[in-house]
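J.: Right, I'll just put the structure down here and ask away after.
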Amino acid sequence: MSVRNVTTESAPIRAVLITVAVGFLTLFLLMPLFAVFIEALRRGWEVFLASLYEDAAWSAVKLTLLTAAIAVPLNTLFGIAAAWAVTKHRFKGRALLLSLIDLPFAVSPVIAGLVWVLLFGAKGWFGPWLAEHDIKIIFAVPGIVIATVFITFPFVARELIPLMESQGTDQEEAAVTLGARGWQIFRRVTLPNIKWGLLYGVLLCNARAMGEFGAVSVVSGHIRGQTNTLPLHIEVLYNEYQFSAAFACATLLAFLALFTLGMKSVVEHFSGHVGKGH
Amino acid sequence: MSKRRVIPGFGLSLGFTITYLSLIILIPLAALFLKAGGAGWDEWAGLLTSPRVLAAAKLTFGASAAAAGVSVVFGLLVTWVLVRYEFPGRRLLDAMVDLPFALPTAVAGITLCAIYAPNGWVGEWLAKWGIQAAYNWTGVFIALTFIGFPFVVRTLQPVMEDLGREIEEAAATLGANRWQVFSRVVLPLLVPALITGFTLAFARAIGEYGSVIFISGNLPMKTEILPLLIVAQLEQFRYEGAAVIAAAMLIISFLLLFLINLLQRRLDWQNR
């Protein structure tokens, strides 16, 4: 060969680098995924299915779905509103607002649970008042929901803001010139442009809402059949040495993770752009 | 006001954003700092210098930094291979990098245990060599690397994809060998993204809970992480103690993020 490509490595070095990288990813990422399914089926299909049909597992699944059904729409609404305010307009304090939206990423899940205990717990700011009026938030479903809302707060906004920023405001301004009203502009002009990014943001938000452990663990009180979400139920089973049952329930969340990852590839395929998700 | 806003919905969307942000994030965090502030100097000093908290802080920050460091090394290698080379299974592996983002932390926690515990898939094999990879520092380190690794790849990937090949060609033309091109020309351009990736992985690792507590074993003074101590304080209904540890952790995390923002702004300005 007379022409040598100077911007790549020699074939042996390439082979070594690829081997090391693939080996690392297989050992470090793929093996845990396989382990979930193999451990779940270690004691056979019957134990696997029985663990999923158990009452406590069912109520955990229901609570998880309920939590996501409240947290995801709320944070989707917020994500759209925040992205609209921040990317279609310029105002003082915009940079500060952007940093504040990112804030929950820097907060430990345990702290995200703790703040609600400090507000609504038995010895919290509003604790006595809540007790007087017989309202339970901490160690009850409302606590689980608000802790999840806190944790999943930035997901949709974080997905939409870079996307809408890159699209600019020309189309919306043109729509205004042509006499479109606010809601019409959003539905007919903006929404078609952001639908894939929005979908992915919602899916990420949902995956985190259903899988959140630390924050929910702090506010839940672990009452079996009442305040255990699926991740908490897994912890309880694991600590009771019911490993196969714990992994059986974990497969549900592993499927959710795989579905979310698969949808990311689909969304990337259709939109050609996806912001970096956390 | 002389300049009228063209696109409608500014007041409504900003109003909702700020109200919601305040209710869900700002007021609860303010309550936390208020509680921590009300604890008084003695409580702060006493708690934060207690041997148990110091041991947990040492483990949390040490293992987090080590995990972020290893994530940077393997992140650089993996990103390079994913961006530069074509091989079967590349797209699948690329998608799988996000697994730790998508897999719930409790699932990651019990699975890492099943793999690295002394009777686990890899742990059994390591035990023969006298290496224990769970219920000690190494276990915490493994869990935090698992969690932090994708941050490095996803920060690095767009930067590496945008890297023009022209400068590498120019360097090669001027007589640099491939290693010189990489270490003197390519690597310096990746340093900002590597620092950002390290910081993100580090910040995430400090607060990580679910994936760590199963594999750490939670032995007081030995394998307790800081978030676990917050839980321990809460279980004794010591709200102030919990708030103090949490506030200290948050201050460190916010400082980190503030520094990373400054850094990014500087680099943006340089690259303009």
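Residues in the structure tokens are numbered from 1 in each chain, the chains being A, B, ... in the order shown, and ligands are numbered from 1 in the order shown.
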Any idea what's packed within 7 Å of Ile230 in chain B, counting only C-alpha atoms, ignoring anything in its chain fewer than 4 positions away? Could you give it as a PyMOL selection string?
T.: chain B and resi 226+234+242+245-246
J.: Would you output that residue set with N, CA, C and O atoms, as an mmCIF file, in the first residue's frame?
T.:
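Result written to out.cif:
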```
data_model
loop_
_atom_site.group_PDB
_atom_site.id
_atom_site.type_symbol
_atom_site.label_atom_id
_atom_site.label_comp_id
_atom_site.auth_asym_id
_atom_site.auth_seq_id
_atom_site.Cartn_x
_atom_site.Cartn_y
_atom_site.Cartn_z
ATOM 1 N N LEU B 226 -21.668 8.421 53.460
ATOM 2 C CA LEU B 226 -22.316 9.581 54.089
ATOM 3 C C LEU B 226 -23.844 9.545 53.993
ATOM 4 O O LEU B 226 -24.529 9.805 54.980
ATOM 5 N N LEU B 234 -31.777 9.908 60.859
ATOM 6 C CA LEU B 234 -33.231 10.012 60.753
ATOM 7 C C LEU B 234 -33.915 8.895 61.527
ATOM 8 O O LEU B 234 -34.966 9.098 62.137
ATOM 9 N N ALA B 242 -29.196 14.924 60.874
ATOM 10 C CA ALA B 242 -29.375 14.566 59.466
ATOM 11 C C ALA B 242 -29.219 15.797 58.587
ATOM 12 O O ALA B 242 -28.548 15.763 57.550
ATOM 13 N N ILE B 245 -25.441 16.955 58.264
ATOM 14 C CA ILE B 245 -24.644 16.154 57.319
ATOM 15 C C ILE B 245 -25.082 16.449 55.887
ATOM 16 O O ILE B 245 -24.252 16.636 54.990
ATOM 17 N N ALA B 246 -26.398 16.528 55.679
ATOM 18 C CA ALA B 246 -26.915 16.788 54.336
ATOM 19 C C ALA B 246 -26.456 18.150 53.831
ATOM 20 O O ALA B 246 -26.028 18.290 52.682
#
```
J.: I need the contact residues of chain B against chain A, so if you could list those with any atom within 7 Å, counting only C-alpha atoms, and return them as a PyMOL selection string, that would help.
T.: chain B and resi 6-10+13-14+16-17+24-25+28-29+32+77-78+81+95+101-107+111-112+154+165+168-169+172+178+203-204+207-210+227+231+239+246+250+253-254
J.: Those same residues - C-alpha atoms - I'd like them written as a PDB file, in the first residue's frame.
T.:
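result_15.pdb, written as the output of this step:
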```
ATOM      1  CA  VAL B   6     -43.077  38.842  20.166  1.00  0.00           C
ATOM      2  CA  ILE B   7     -43.731  35.259  21.218  1.00  0.00           C
ATOM      3  CA  PRO B   8     -46.646  34.946  23.653  1.00  0.00           C
ATOM      4  CA  GLY B   9     -46.853  32.931  26.833  1.00  0.00           C
ATOM      5  CA  PHE B  10     -43.854  34.445  28.602  1.00  0.00           C
ATOM      6  CA  SER B  13     -44.705  29.862  31.438  1.00  0.00           C
ATOM      7  CA  LEU B  14     -42.189  31.746  33.578  1.00  0.00           C
ATOM      8  CA  PHE B  16     -45.501  28.500  36.453  1.00  0.00           C
ATOM      9  CA  THR B  17     -41.823  27.560  36.208  1.00  0.00           C
ATOM     10  CA  ILE B  24     -40.720  21.477  44.823  1.00  0.00           C
ATOM     11  CA  ILE B  25     -37.027  22.382  45.085  1.00  0.00           C
ATOM     12  CA  PRO B  28     -37.645  22.283  50.735  1.00  0.00           C
ATOM     13  CA  LEU B  29     -33.911  22.926  50.309  1.00  0.00           C
ATOM     14  CA  LEU B  32     -33.016  21.930  55.082  1.00  0.00           C
ATOM     15  CA  LEU B  77     -10.729   4.256  25.917  1.00  0.00           C
ATOM     16  CA  VAL B  78     -14.340   3.174  25.343  1.00  0.00           C
ATOM     17  CA  VAL B  81     -13.218   2.885  20.325  1.00  0.00           C
ATOM     18  CA  ALA B  95     -26.596   2.011  23.520  1.00  0.00           C
ATOM     19  CA  PHE B 101     -28.510   5.637  33.939  1.00  0.00           C
ATOM     20  CA  ALA B 102     -31.571   3.553  33.160  1.00  0.00           C
ATOM     21  CA  LEU B 103     -31.185   0.626  35.566  1.00  0.00           C
ATOM     22  CA  PRO B 104     -32.731   1.465  38.950  1.00  0.00           C
ATOM     23  CA  THR B 105     -30.061   1.772  41.606  1.00  0.00           C
ATOM     24  CA  ALA B 106     -31.554  -0.915  43.872  1.00  0.00           C
ATOM     25  CA  VAL B 107     -31.424  -3.397  40.988  1.00  0.00           C
ATOM     26  CA  THR B 111     -26.922  -7.424  41.005  1.00  0.00           C
ATOM     27  CA  LEU B 112     -23.424  -6.140  41.767  1.00  0.00           C
ATOM     28  CA  ARG B 154     -21.540  10.851  27.263  1.00  0.00           C
ATOM     29  CA  ARG B 165      -9.138  15.137  11.404  1.00  0.00           C
ATOM     30  CA  GLU B 168      -4.139  15.220  13.095  1.00  0.00           C
ATOM     31  CA  GLU B 169      -3.176  15.155   9.426  1.00  0.00           C
ATOM     32  CA  ALA B 172       1.415  13.755  10.964  1.00  0.00           C
ATOM     33  CA  ARG B 178       0.692   8.413  16.032  1.00  0.00           C
ATOM     34  CA  ALA B 203     -20.664  14.572  42.146  1.00  0.00           C
ATOM     35  CA  ARG B 204     -23.043  11.731  41.382  1.00  0.00           C
ATOM     36  CA  GLY B 207     -24.651  11.240  46.791  1.00  0.00           C
ATOM     37  CA  GLU B 208     -25.161   7.703  45.484  1.00  0.00           C
ATOM     38  CA  TYR B 209     -27.123   5.425  47.784  1.00  0.00           C
ATOM     39  CA  GLY B 210     -29.076   2.546  46.257  1.00  0.00           C
ATOM     40  CA  PRO B 227     -25.897   9.228  52.733  1.00  0.00           C
ATOM     41  CA  VAL B 231     -30.562   7.710  57.147  1.00  0.00           C
ATOM     42  CA  TYR B 239     -33.500  15.634  62.348  1.00  0.00           C
ATOM     43  CA  ALA B 246     -26.915  16.788  54.336  1.00  0.00           C
ATOM     44  CA  LEU B 250     -24.827  19.816  49.472  1.00  0.00           C
ATOM     45  CA  SER B 253     -21.680  19.357  45.644  1.00  0.00           C
ATOM     46  CA  PHE B 254     -22.820  22.892  44.791  1.00  0.00           C
TER      47      PHE B 254
END
```
J.: I need the residues of range 108-262 of chain B that end up classed as alpha helix (DSSP H) by DSSP on the backbone, written out as a PyMOL selection string.
T.: chain B and resi 108-116+123-128+137-162+166-173+178-180+187-207+210-216+226-235+239-262
J.: Just how far from CA of Leu263 in chain B is CA of Ala171 in chain B, in Å to one decimal?
T.: 27.5 Å
J.: Would you mind listing what lies within 12 Å of Phe270 in chain A as a list in words, with only C-alpha atoms counted and same-chain residues fewer than 2 positions away left out?
T.: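 What passes the distance filter is Asn193, Ile194, Lys195, Trp196, Gly197, Leu199, Tyr200, Met263, Lys264, Ser265, Val266, Val267, Glu268, Gly272, His273 and Val274 of chain A.
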J.: So that I can check the surroundings of range 148-153 of chain B, please list as a PyMOL selection string every protein, DNA and RNA residue that reaches within 9 Å of it, counting only C-alpha atoms and ignoring chain neighbours fewer than 2 positions away.
T.: (chain A and resi 278) or (chain B and resi 64+67-68+70-72+74-76+78-79+97-101+143-146+155-157+193-205)
